[in-house]
>>> print(open('coords_4.pdb').read())   # PDB, C-alpha atoms
ATOM      1  CA  MET A   1       1.280 -48.164 -21.009  1.00  0.00           C
ATOM      2  CA  TRP A   2       0.901 -46.703 -24.509  1.00  0.00           C
ATOM      3  CA  LYS A   3      -0.719 -49.896 -25.858  1.00  0.00           C
ATOM      4  CA  GLU A   4      -3.738 -49.401 -23.584  1.00  0.00           C
ATOM      5  CA  ILE A   5      -4.444 -45.819 -24.701  1.00  0.00           C
ATOM      6  CA  ASP A   6      -6.742 -45.309 -27.686  1.00  0.00           C
ATOM      7  CA  PHE A   7      -6.119 -41.960 -29.381  1.00  0.00           C
ATOM      8  CA  THR A   8      -9.290 -42.282 -31.540  1.00  0.00           C
ATOM      9  CA  GLN A   9     -11.708 -42.119 -28.584  1.00  0.00           C
ATOM     10  CA  PRO A  10     -13.623 -40.028 -27.199  1.00  0.00           C
ATOM     11  CA  GLY A  11     -14.292 -37.117 -29.513  1.00  0.00           C
ATOM     12  CA  GLU A  12     -11.559 -35.875 -31.853  1.00  0.00           C
ATOM     13  CA  ASP A  13      -9.266 -38.419 -33.534  1.00  0.00           C
ATOM     14  CA  LEU A  14      -5.682 -37.675 -32.367  1.00  0.00           C
ATOM     15  CA  THR A  15      -3.872 -40.569 -34.047  1.00  0.00           C
ATOM     16  CA  ASP A  16      -1.946 -38.206 -36.337  1.00  0.00           C
ATOM     17  CA  LYS A  17      -0.692 -36.295 -33.257  1.00  0.00           C
ATOM     18  CA  MET A  18      -0.049 -39.459 -31.227  1.00  0.00           C
ATOM     19  CA  VAL A  19       3.767 -39.387 -31.521  1.00  0.00           C
ATOM     20  CA  ALA A  20       4.025 -35.718 -30.450  1.00  0.00           C
ATOM     21  CA  ILE A  21       1.637 -36.227 -27.505  1.00  0.00           C
ATOM     22  CA  LYS A  22       3.592 -39.281 -26.306  1.00  0.00           C
ATOM     23  CA  ALA A  23       6.887 -37.395 -26.532  1.00  0.00           C
ATOM     24  CA  ASP A  24       5.522 -34.389 -24.582  1.00  0.00           C
ATOM     25  CA  ILE A  25       4.091 -36.615 -21.856  1.00  0.00           C
ATOM     26  CA  GLU A  26       7.349 -38.575 -21.522  1.00  0.00           C
ATOM     27  CA  VAL A  27       9.430 -35.399 -21.291  1.00  0.00           C
ATOM     28  CA  SER A  28       7.132 -34.011 -18.612  1.00  0.00           C
ATOM     29  CA  LEU A  29       7.265 -37.258 -16.610  1.00  0.00           C
ATOM     30  CA  ARG A  30      11.065 -37.423 -16.812  1.00  0.00           C
ATOM     31  CA  ARG A  31      11.367 -33.875 -15.455  1.00  0.00           C
ATOM     32  CA  ARG A  32       9.087 -34.644 -12.527  1.00  0.00           C
ATOM     33  CA  LEU A  33      10.747 -37.951 -11.664  1.00  0.00           C
ATOM     34  CA  ILE A  34      14.303 -36.588 -11.489  1.00  0.00           C
ATOM     35  CA  THR A  35      15.226 -35.944  -7.865  1.00  0.00           C
ATOM     36  CA  GLN A  36      16.222 -32.394  -7.065  1.00  0.00           C
ATOM     37  CA  PRO A  37      19.653 -31.768  -5.534  1.00  0.00           C
ATOM     38  CA  LEU A  38      19.588 -31.147  -1.798  1.00  0.00           C
ATOM     39  CA  ARG A  39      21.792 -28.621  -0.035  1.00  0.00           C
ATOM     40  CA  ILE A  40      23.108 -29.605   3.393  1.00  0.00           C
ATOM     41  CA  ARG A  41      25.076 -27.298   5.690  1.00  0.00           C
ATOM     42  CA  ALA A  42      26.808 -27.377   9.053  1.00  0.00           C
ATOM     43  CA  LYS A  43      28.621 -24.698  11.040  1.00  0.00           C
ATOM     44  CA  ILE A  44      31.804 -25.321  13.009  1.00  0.00           C
ATOM     45  CA  GLU A  45      34.360 -23.332  14.952  1.00  0.00           C
ATOM     46  CA  VAL A  46      38.015 -24.117  14.350  1.00  0.00           C
ATOM     47  CA  SER A  47      40.752 -22.263  16.207  1.00  0.00           C
ATOM     48  CA  CYS A  48      44.333 -22.834  17.234  1.00  0.00           C
ATOM     49  CA  SER A  49      46.379 -20.746  19.652  1.00  0.00           C
ATOM     50  CA  ALA A  50      49.380 -23.061  19.454  1.00  0.00           C
ATOM     51  CA  PHE A  51      52.564 -22.220  17.580  1.00  0.00           C
ATOM     52  CA  GLU A  52      51.212 -23.511  14.233  1.00  0.00           C
ATOM     53  CA  GLY A  53      48.111 -21.287  14.495  1.00  0.00           C
ATOM     54  CA  ILE A  54      46.701 -20.377  11.099  1.00  0.00           C
ATOM     55  CA  ASP A  55      48.710 -23.086   9.361  1.00  0.00           C
ATOM     56  CA  ALA A  56      47.082 -25.724  11.600  1.00  0.00           C
ATOM     57  CA  ILE A  57      43.609 -24.355  10.809  1.00  0.00           C
ATOM     58  CA  LYS A  58      44.346 -24.303   7.088  1.00  0.00           C
ATOM     59  CA  ALA A  59      45.715 -27.867   7.164  1.00  0.00           C
ATOM     60  CA  SER A  60      42.709 -29.180   9.076  1.00  0.00           C
ATOM     61  CA  LEU A  61      40.227 -27.513   6.720  1.00  0.00           C
ATOM     62  CA  LEU A  62      42.079 -28.914   3.710  1.00  0.00           C
ATOM     63  CA  LYS A  63      41.855 -32.331   5.374  1.00  0.00           C
ATOM     64  CA  GLY A  64      38.069 -31.821   5.538  1.00  0.00           C
ATOM     65  CA  PHE A  65      37.904 -31.648   1.736  1.00  0.00           C
ATOM     66  CA  LYS A  66      39.113 -35.273   1.571  1.00  0.00           C
ATOM     67  CA  ALA A  67      35.601 -36.442   2.525  1.00  0.00           C
ATOM     68  CA  SER A  68      34.321 -35.131  -0.824  1.00  0.00           C
ATOM     69  CA  SER A  69      33.279 -37.547  -3.517  1.00  0.00           C
ATOM     70  CA  GLU A  70      32.146 -37.163  -7.103  1.00  0.00           C
ATOM     71  CA  GLU A  71      28.474 -37.316  -6.038  1.00  0.00           C
ATOM     72  CA  CYS A  72      28.887 -35.030  -3.010  1.00  0.00           C
ATOM     73  CA  GLU A  73      31.484 -32.258  -2.950  1.00  0.00           C
ATOM     74  CA  VAL A  74      32.212 -30.482   0.344  1.00  0.00           C
ATOM     75  CA  LYS A  75      32.681 -26.708   0.283  1.00  0.00           C
ATOM     76  CA  ILE A  76      34.029 -24.725   3.231  1.00  0.00           C
ATOM     77  CA  GLN A  77      33.442 -20.991   3.713  1.00  0.00           C
ATOM     78  CA  LEU A  78      34.737 -18.641   6.349  1.00  0.00           C
ATOM     79  CA  ILE A  79      31.873 -16.746   7.984  1.00  0.00           C
ATOM     80  CA  ALA A  80      33.859 -14.883  10.647  1.00  0.00           C
ATOM     81  CA  HIS A  81      36.866 -16.359  12.397  1.00  0.00           C
ATOM     82  CA  PRO A  82      36.641 -18.922  14.011  1.00  0.00           C
ATOM     83  CA  LEU A  83      33.248 -19.795  12.425  1.00  0.00           C
ATOM     84  CA  PHE A  84      33.206 -21.824   9.212  1.00  0.00           C
ATOM     85  CA  MET A  85      30.289 -23.195   7.185  1.00  0.00           C
ATOM     86  CA  LEU A  86      30.501 -26.575   5.478  1.00  0.00           C
ATOM     87  CA  THR A  87      28.061 -27.180   2.622  1.00  0.00           C
ATOM     88  CA  CYS A  88      27.453 -29.885   0.077  1.00  0.00           C
ATOM     89  CA  THR A  89      24.938 -30.379  -2.693  1.00  0.00           C
ATOM     90  CA  CYS A  90      23.830 -33.937  -3.366  1.00  0.00           C
ATOM     91  CA  ARG A  91      20.817 -35.882  -4.618  1.00  0.00           C
ATOM     92  CA  ASP A  92      21.211 -38.560  -1.933  1.00  0.00           C
ATOM     93  CA  LYS A  93      20.311 -37.169   1.504  1.00  0.00           C
ATOM     94  CA  PRO A  94      21.956 -39.890   3.653  1.00  0.00           C
ATOM     95  CA  LEU A  95      25.156 -39.638   1.595  1.00  0.00           C
ATOM     96  CA  ALA A  96      25.244 -35.853   2.084  1.00  0.00           C
ATOM     97  CA  PHE A  97      24.844 -36.118   5.874  1.00  0.00           C
ATOM     98  CA  LYS A  98      27.458 -38.898   6.021  1.00  0.00           C
ATOM     99  CA  THR A  99      29.898 -36.840   3.920  1.00  0.00           C
ATOM    100  CA  LEU A 100      29.573 -33.724   6.116  1.00  0.00           C
ATOM    101  CA  ASP A 101      29.925 -35.807   9.302  1.00  0.00           C
ATOM    102  CA  GLU A 102      33.045 -37.450   7.887  1.00  0.00           C
ATOM    103  CA  SER A 103      34.457 -34.063   6.887  1.00  0.00           C
ATOM    104  CA  MET A 104      33.870 -32.667  10.372  1.00  0.00           C
ATOM    105  CA  ASP A 105      35.518 -35.739  11.932  1.00  0.00           C
ATOM    106  CA  LEU A 106      38.595 -35.277   9.724  1.00  0.00           C
ATOM    107  CA  ILE A 107      38.826 -31.585  10.617  1.00  0.00           C
ATOM    108  CA  LYS A 108      38.403 -32.307  14.347  1.00  0.00           C
ATOM    109  CA  GLU A 109      41.031 -35.043  14.327  1.00  0.00           C
ATOM    110  CA  CYS A 110      43.563 -32.871  12.497  1.00  0.00           C
ATOM    111  CA  ILE A 111      43.092 -29.648  14.488  1.00  0.00           C
ATOM    112  CA  GLU A 112      43.105 -31.392  17.857  1.00  0.00           C
ATOM    113  CA  SER A 113      46.311 -33.259  16.958  1.00  0.00           C
ATOM    114  CA  LYS A 114      47.961 -29.852  16.429  1.00  0.00           C
ATOM    115  CA  GLY A 115      46.718 -28.391  19.732  1.00  0.00           C
ATOM    116  CA  GLY A 116      43.696 -26.555  18.347  1.00  0.00           C
ATOM    117  CA  GLU A 117      40.035 -26.498  19.302  1.00  0.00           C
ATOM    118  CA  PHE A 118      37.013 -27.762  17.394  1.00  0.00           C
ATOM    119  CA  THR A 119      33.334 -27.070  18.165  1.00  0.00           C
ATOM    120  CA  ILE A 120      30.213 -27.964  16.211  1.00  0.00           C
ATOM    121  CA  LYS A 121      27.894 -24.945  16.215  1.00  0.00           C
ATOM    122  CA  THR A 122      25.167 -26.442  13.980  1.00  0.00           C
ATOM    123  CA  LYS A 123      24.886 -30.086  13.073  1.00  0.00           C
ATOM    124  CA  PRO A 124      24.355 -30.925   9.406  1.00  0.00           C
ATOM    125  CA  GLU A 125      20.892 -29.749   8.349  1.00  0.00           C
ATOM    126  CA  LEU A 126      18.891 -29.578   5.163  1.00  0.00           C
ATOM    127  CA  VAL A 127      18.711 -26.103   3.651  1.00  0.00           C
ATOM    128  CA  GLY A 128      15.555 -25.587   1.619  1.00  0.00           C
ATOM    129  CA  ASP A 129      13.534 -22.823   0.013  1.00  0.00           C
ATOM    130  CA  GLN A 130      10.745 -23.042   2.596  1.00  0.00           C
ATOM    131  CA  GLU A 131      13.185 -22.673   5.484  1.00  0.00           C
ATOM    132  CA  GLU A 132      14.847 -19.592   3.991  1.00  0.00           C
ATOM    133  CA  GLU A 133      11.460 -17.993   3.258  1.00  0.00           C
ATOM    134  CA  SER A 134      10.225 -18.561   6.803  1.00  0.00           C
ATOM    135  CA  GLU A 135      13.435 -17.124   8.266  1.00  0.00           C
ATOM    136  CA  GLY A 136      13.116 -14.060   6.042  1.00  0.00           C
ATOM    137  CA  SER A 137       9.481 -13.476   6.970  1.00  0.00           C
ATOM    138  CA  SER A 138      10.178 -13.692  10.706  1.00  0.00           C
ATOM    139  CA  ASP A 139      13.039 -11.194  10.380  1.00  0.00           C
ATOM    140  CA  SER A 140      10.859  -8.714   8.491  1.00  0.00           C
ATOM    141  CA  SER A 141       8.052  -8.891  11.060  1.00  0.00           C
ATOM    142  CA  GLU A 142      10.524  -8.188  13.878  1.00  0.00           C
ATOM    143  CA  GLY A 143      11.904  -5.237  11.936  1.00  0.00           C
ATOM    144  CA  GLU A 144       8.427  -3.779  11.480  1.00  0.00           C
ATOM    145  CA  GLU A 145       7.748  -3.936  15.226  1.00  0.00           C
ATOM    146  CA  ASN A 146      10.980  -2.103  16.080  1.00  0.00           C
ATOM    147  CA  GLN A 147      10.663   0.512  13.325  1.00  0.00           C
ATOM    148  CA  ASP A 148      10.786   4.142  14.425  1.00  0.00           C
ATOM    149  CA  GLU A 149       7.540   5.786  13.313  1.00  0.00           C
ATOM    150  CA  THR A 150       8.704   9.343  14.071  1.00  0.00           C
ATOM    151  CA  MET A 151      10.976   9.410  10.983  1.00  0.00           C
ATOM    152  CA  GLY A 152      13.960  10.259  13.116  1.00  0.00           C
ATOM    153  CA  GLY A 153      12.179  13.065  15.001  1.00  0.00           C
ATOM    154  CA  ILE A 154      12.626  15.897  12.444  1.00  0.00           C
ATOM    155  CA  ASP A 155      12.781  19.232  14.244  1.00  0.00           C
ATOM    156  CA  GLU A 156      11.411  21.926  11.911  1.00  0.00           C
ATOM    157  CA  ALA A 157      12.560  24.767  14.215  1.00  0.00           C
ATOM    158  CA  ALA A 158      16.146  23.460  14.216  1.00  0.00           C
ATOM    159  CA  ILE A 159      16.152  23.291  10.409  1.00  0.00           C
ATOM    160  CA  GLU A 160      14.929  26.912  10.118  1.00  0.00           C
ATOM    161  CA  GLU A 161      17.581  28.078  12.586  1.00  0.00           C
ATOM    162  CA  LEU A 162      20.249  26.219  10.601  1.00  0.00           C
ATOM    163  CA  LYS A 163      19.078  27.902   7.387  1.00  0.00           C
ATOM    164  CA  LYS A 164      19.425  31.331   9.021  1.00  0.00           C
ATOM    165  CA  LYS A 165      22.929  30.584  10.290  1.00  0.00           C
ATOM    166  CA  THR A 166      24.288  29.185   7.042  1.00  0.00           C
ATOM    167  CA  GLY A 167      22.474  31.528   4.682  1.00  0.00           C
ATOM    168  CA  ASP A 168      23.415  29.487   1.642  1.00  0.00           C
ATOM    169  CA  ILE A 169      20.369  27.213   1.744  1.00  0.00           C
ATOM    170  CA  SER A 170      17.231  28.556   0.157  1.00  0.00           C
ATOM    171  CA  ASP A 171      13.656  27.218   0.320  1.00  0.00           C
ATOM    172  CA  ASP A 172      13.757  26.493  -3.438  1.00  0.00           C
ATOM    173  CA  GLU A 173      16.295  23.694  -2.990  1.00  0.00           C
TER     174      GLU A 173
END
>>> encode(input="coords_4.pdb", output="structure tokens")
Amino acid sequence: MWKEIDFTQPGEDLTDKMVAIKADIEVSLRRRLITQPLRIRAKIEVSCSAFEGIDAIKASLLKGFKASSEECEVKIQLIAHPLFMLTCTCRDKPLAFKTLDESMDLIKECIESKGGEFTIKTKPELVGDQEEESEGSSDSSEGEENQDETMGGIDEAAIEELKKKTGDISDDE
């Protein structure tokens, strides 16, 4: 590609700056061509009322970590019992979905073998900046509609009566 470009044409001669320009362009292209890591998440419910209880849940979740690989590491977070969130960050989207599915299968197999219950609440999905922004904007618009415009209904007469009764509050404060 660089053989076809003439740094002497048109206008100012840039041959003395040719090496620096090439390096800057190559750095910029490398940054743009690198794929960004994707974040995938799924939500599951894991519970066990059998004798093993918490130990069965812990063992099944630890079994879910075995689906992790060097390229795609599974992380499990407790949201509120029995709800857990599985996440992984990976550059390869199909690998990330496959890894989370495999992790959920391992957890399901283990917990059900010990008499527990397994439910998928949210299938693996891509978590992105646009999705989080749209969720945040919809929440704020709902909050604005339900906002109390009376500022809690301040009752000036009740405040004056309270001042008279307590006597220790002055208007200067």
>>> axis_aligned_box(input="coords_4.pdb", around="region 106-115 of chain A", padding_each_side="5 Å", output="AutoDock Vina command-line options")
--center_x 43.2 --center_y -31.8 --center_z 14.7 --size_x 19.6 --size_y 16.9 --size_z 20.0
>>> atom_distance(input="coords_4.pdb", atom1="CA of Lys114 (chain A)", atom2="CA of Ala56 (chain A)")
6.4 Å
>>> resolve_selection(input="coords_4.pdb", expression="the PyMOL selection byres ((chain A and resi 76) around 6)", output="PyMOL selection string")
chain A and resi 75+77+85-86
>>> atom_distance(input="coords_4.pdb", atom1="CA of Lys123 (chain A)", atom2="CA of Phe51 (chain A)")
29.1 Å
>>> residues_around(input="coords_4.pdb", residues="Thr119 (chain A)", least_positions_apart="2", cutoff="9 Å", atoms="only C-alpha atoms", output="PyMOL selection string")
chain A and resi 43-46+108+117+121
>>> closest_residue(input="coords_4.pdb", among="A:Ser28, A:Thr122, A:Ser69, A:Gln9", to="Ala42 (chain A)", atoms="all atoms listed in the file")
A:Thr122
>>> residues_around(input="coords_4.pdb", residues="Leu126 (chain A)", least_positions_apart="2", cutoff="10 Å", atoms="all atoms listed in the file", output="MDAnalysis selection string")
chainID A and resid 38:42 87:89 93 96:97 123:124 128 131
>>> closest_residue(input="coords_4.pdb", among="A:Glu70, A:Glu26, A:Glu102, A:Glu109", to="Cys90 (chain A)", atoms="only C-alpha atoms")
A:Glu70
>>> closest_residue(input="coords_4.pdb", among="A:Leu100, A:Ala20, A:Leu61, A:Ile111", to="Ser49 (chain A)", atoms="all atoms listed in the file")
A:Ile111
>>> residues_near_point(input="coords_4.pdb", point="(38.9, -32.7, 4.9)", cutoff="10 Å", atoms="all atoms listed in the file", output="count of residues only")
24
>>> atom_distance(input="coords_4.pdb", atom1="CA of Ser47 (chain A)", atom2="CA of Pro94 (chain A)")
28.7 Å
>>> residues_around(input="coords_4.pdb", residues="Lys17 (chain A)", least_positions_apart="5", cutoff="12 Å", atoms="all atoms listed in the file", output="ChimeraX atom specification")
/A:7-8,12,22-24
>>> write_last_selection(input="coords_4.pdb", atoms="C-alpha atoms", output="JSON list (two decimals), in the coordinates of the input")
[["chain", "number", "residue", "atom", "x", "y", "z"],
["A", 7, "PHE", "CA", -6.12, -41.96, -29.38],
["A", 8, "THR", "CA", -9.29, -42.28, -31.54],
["A", 12, "GLU", "CA", -11.56, -35.88, -31.85],
["A", 22, "LYS", "CA", 3.59, -39.28, -26.31],
["A", 23, "ALA", "CA", 6.89, -37.40, -26.53],
["A", 24, "ASP", "CA", 5.52, -34.39, -24.58]]
>>> build_atoms(input="coords_4.pdb", residues="region 64-92 of chain A", atoms="N, CA and C atoms", output="PDB file, keeping the file's coordinate frame")
ATOM      1  N   GLY A  64      39.512 -31.652   5.621  1.00  0.00           N
ATOM      2  CA  GLY A  64      38.069 -31.821   5.538  1.00  0.00           C
ATOM      3  C   GLY A  64      37.567 -32.019   4.119  1.00  0.00           C
ATOM      4  N   PHE A  65      38.283 -31.477   3.140  1.00  0.00           N
ATOM      5  CA  PHE A  65      37.904 -31.648   1.736  1.00  0.00           C
ATOM      6  C   PHE A  65      38.062 -33.098   1.274  1.00  0.00           C
ATOM      7  N   LYS A  66      38.865 -33.887   1.979  1.00  0.00           N
ATOM      8  CA  LYS A  66      39.113 -35.273   1.571  1.00  0.00           C
ATOM      9  C   LYS A  66      37.858 -36.141   1.690  1.00  0.00           C
ATOM     10  N   ALA A  67      36.854 -35.687   2.401  1.00  0.00           N
ATOM     11  CA  ALA A  67      35.601 -36.442   2.525  1.00  0.00           C
ATOM     12  C   ALA A  67      34.751 -36.305   1.267  1.00  0.00           C
ATOM     13  N   SER A  68      35.090 -35.362   0.407  1.00  0.00           N
ATOM     14  CA  SER A  68      34.321 -35.131  -0.824  1.00  0.00           C
ATOM     15  C   SER A  68      34.387 -36.341  -1.741  1.00  0.00           C
ATOM     16  N   SER A  69      33.311 -36.512  -2.486  1.00  0.00           N
ATOM     17  CA  SER A  69      33.279 -37.547  -3.517  1.00  0.00           C
ATOM     18  C   SER A  69      32.714 -36.916  -4.784  1.00  0.00           C
ATOM     19  N   GLU A  70      32.663 -37.685  -5.843  1.00  0.00           N
ATOM     20  CA  GLU A  70      32.146 -37.163  -7.103  1.00  0.00           C
ATOM     21  C   GLU A  70      30.668 -36.786  -6.978  1.00  0.00           C
ATOM     22  N   GLU A  71      29.906 -37.572  -6.206  1.00  0.00           N
ATOM     23  CA  GLU A  71      28.474 -37.316  -6.038  1.00  0.00           C
ATOM     24  C   GLU A  71      28.192 -36.204  -5.029  1.00  0.00           C
ATOM     25  N   CYS A  72      29.136 -35.977  -4.102  1.00  0.00           N
ATOM     26  CA  CYS A  72      28.887 -35.030  -3.010  1.00  0.00           C
ATOM     27  C   CYS A  72      30.181 -34.285  -2.683  1.00  0.00           C
ATOM     28  N   GLU A  73      30.283 -33.053  -3.162  1.00  0.00           N
ATOM     29  CA  GLU A  73      31.484 -32.258  -2.950  1.00  0.00           C
ATOM     30  C   GLU A  73      31.298 -31.319  -1.760  1.00  0.00           C
ATOM     31  N   VAL A  74      32.258 -31.342  -0.844  1.00  0.00           N
ATOM     32  CA  VAL A  74      32.212 -30.482   0.344  1.00  0.00           C
ATOM     33  C   VAL A  74      32.836 -29.132   0.007  1.00  0.00           C
ATOM     34  N   LYS A  75      32.157 -28.065   0.436  1.00  0.00           N
ATOM     35  CA  LYS A  75      32.681 -26.708   0.283  1.00  0.00           C
ATOM     36  C   LYS A  75      32.759 -26.097   1.673  1.00  0.00           C
ATOM     37  N   ILE A  76      33.826 -25.349   1.922  1.00  0.00           N
ATOM     38  CA  ILE A  76      34.029 -24.725   3.231  1.00  0.00           C
ATOM     39  C   ILE A  76      34.178 -23.223   3.029  1.00  0.00           C
ATOM     40  N   GLN A  77      33.382 -22.454   3.794  1.00  0.00           N
ATOM     41  CA  GLN A  77      33.442 -20.991   3.713  1.00  0.00           C
ATOM     42  C   GLN A  77      33.706 -20.417   5.095  1.00  0.00           C
ATOM     43  N   LEU A  78      34.502 -19.384   5.123  1.00  0.00           N
ATOM     44  CA  LEU A  78      34.737 -18.641   6.349  1.00  0.00           C
ATOM     45  C   LEU A  78      33.590 -17.659   6.534  1.00  0.00           C
ATOM     46  N   ILE A  79      32.923 -17.722   7.687  1.00  0.00           N
ATOM     47  CA  ILE A  79      31.873 -16.746   7.984  1.00  0.00           C
ATOM     48  C   ILE A  79      32.521 -15.586   8.723  1.00  0.00           C
ATOM     49  N   ALA A  80      33.082 -15.848   9.873  1.00  0.00           N
ATOM     50  CA  ALA A  80      33.859 -14.883  10.647  1.00  0.00           C
ATOM     51  C   ALA A  80      34.685 -15.709  11.622  1.00  0.00           C
ATOM     52  N   HIS A  81      35.996 -15.497  11.597  1.00  0.00           N
ATOM     53  CA  HIS A  81      36.866 -16.359  12.397  1.00  0.00           C
ATOM     54  C   HIS A  81      36.374 -16.434  13.822  1.00  0.00           C
ATOM     55  N   PRO A  82      36.244 -17.572  14.398  1.00  0.00           N
ATOM     56  CA  PRO A  82      36.641 -18.922  14.011  1.00  0.00           C
ATOM     57  C   PRO A  82      35.489 -19.745  13.403  1.00  0.00           C
ATOM     58  N   LEU A  83      34.441 -19.091  12.913  1.00  0.00           N
ATOM     59  CA  LEU A  83      33.248 -19.795  12.425  1.00  0.00           C
ATOM     60  C   LEU A  83      33.353 -20.099  10.932  1.00  0.00           C
ATOM     61  N   PHE A  84      33.165 -21.371  10.597  1.00  0.00           N
ATOM     62  CA  PHE A  84      33.206 -21.824   9.212  1.00  0.00           C
ATOM     63  C   PHE A  84      31.915 -22.563   8.889  1.00  0.00           C
ATOM     64  N   MET A  85      31.491 -22.483   7.619  1.00  0.00           N
ATOM     65  CA  MET A  85      30.289 -23.195   7.185  1.00  0.00           C
ATOM     66  C   MET A  85      30.696 -24.239   6.156  1.00  0.00           C
ATOM     67  N   LEU A  86      30.272 -25.480   6.406  1.00  0.00           N
ATOM     68  CA  LEU A  86      30.501 -26.575   5.478  1.00  0.00           C
ATOM     69  C   LEU A  86      29.203 -26.814   4.732  1.00  0.00           C
ATOM     70  N   THR A  87      29.253 -26.900   3.411  1.00  0.00           N
ATOM     71  CA  THR A  87      28.061 -27.180   2.622  1.00  0.00           C
ATOM     72  C   THR A  87      28.374 -28.254   1.590  1.00  0.00           C
ATOM     73  N   CYS A  88      27.322 -28.952   1.197  1.00  0.00           N
ATOM     74  CA  CYS A  88      27.453 -29.885   0.077  1.00  0.00           C
ATOM     75  C   CYS A  88      26.096 -29.978  -0.610  1.00  0.00           C
ATOM     76  N   THR A  89      26.144 -30.217  -1.897  1.00  0.00           N
ATOM     77  CA  THR A  89      24.938 -30.379  -2.693  1.00  0.00           C
ATOM     78  C   THR A  89      24.956 -31.787  -3.253  1.00  0.00           C
ATOM     79  N   CYS A  90      23.867 -32.529  -2.997  1.00  0.00           N
ATOM     80  CA  CYS A  90      23.830 -33.937  -3.366  1.00  0.00           C
ATOM     81  C   CYS A  90      22.382 -34.362  -3.574  1.00  0.00           C
ATOM     82  N   ARG A  91      22.169 -35.357  -4.408  1.00  0.00           N
ATOM     83  CA  ARG A  91      20.817 -35.882  -4.618  1.00  0.00           C
ATOM     84  C   ARG A  91      20.444 -36.915  -3.566  1.00  0.00           C
ATOM     85  N   ASP A  92      21.427 -37.504  -2.920  1.00  0.00           N
ATOM     86  CA  ASP A  92      21.211 -38.560  -1.933  1.00  0.00           C
ATOM     87  C   ASP A  92      21.389 -37.972  -0.529  1.00  0.00           C
TER      88      ASP A  92
END
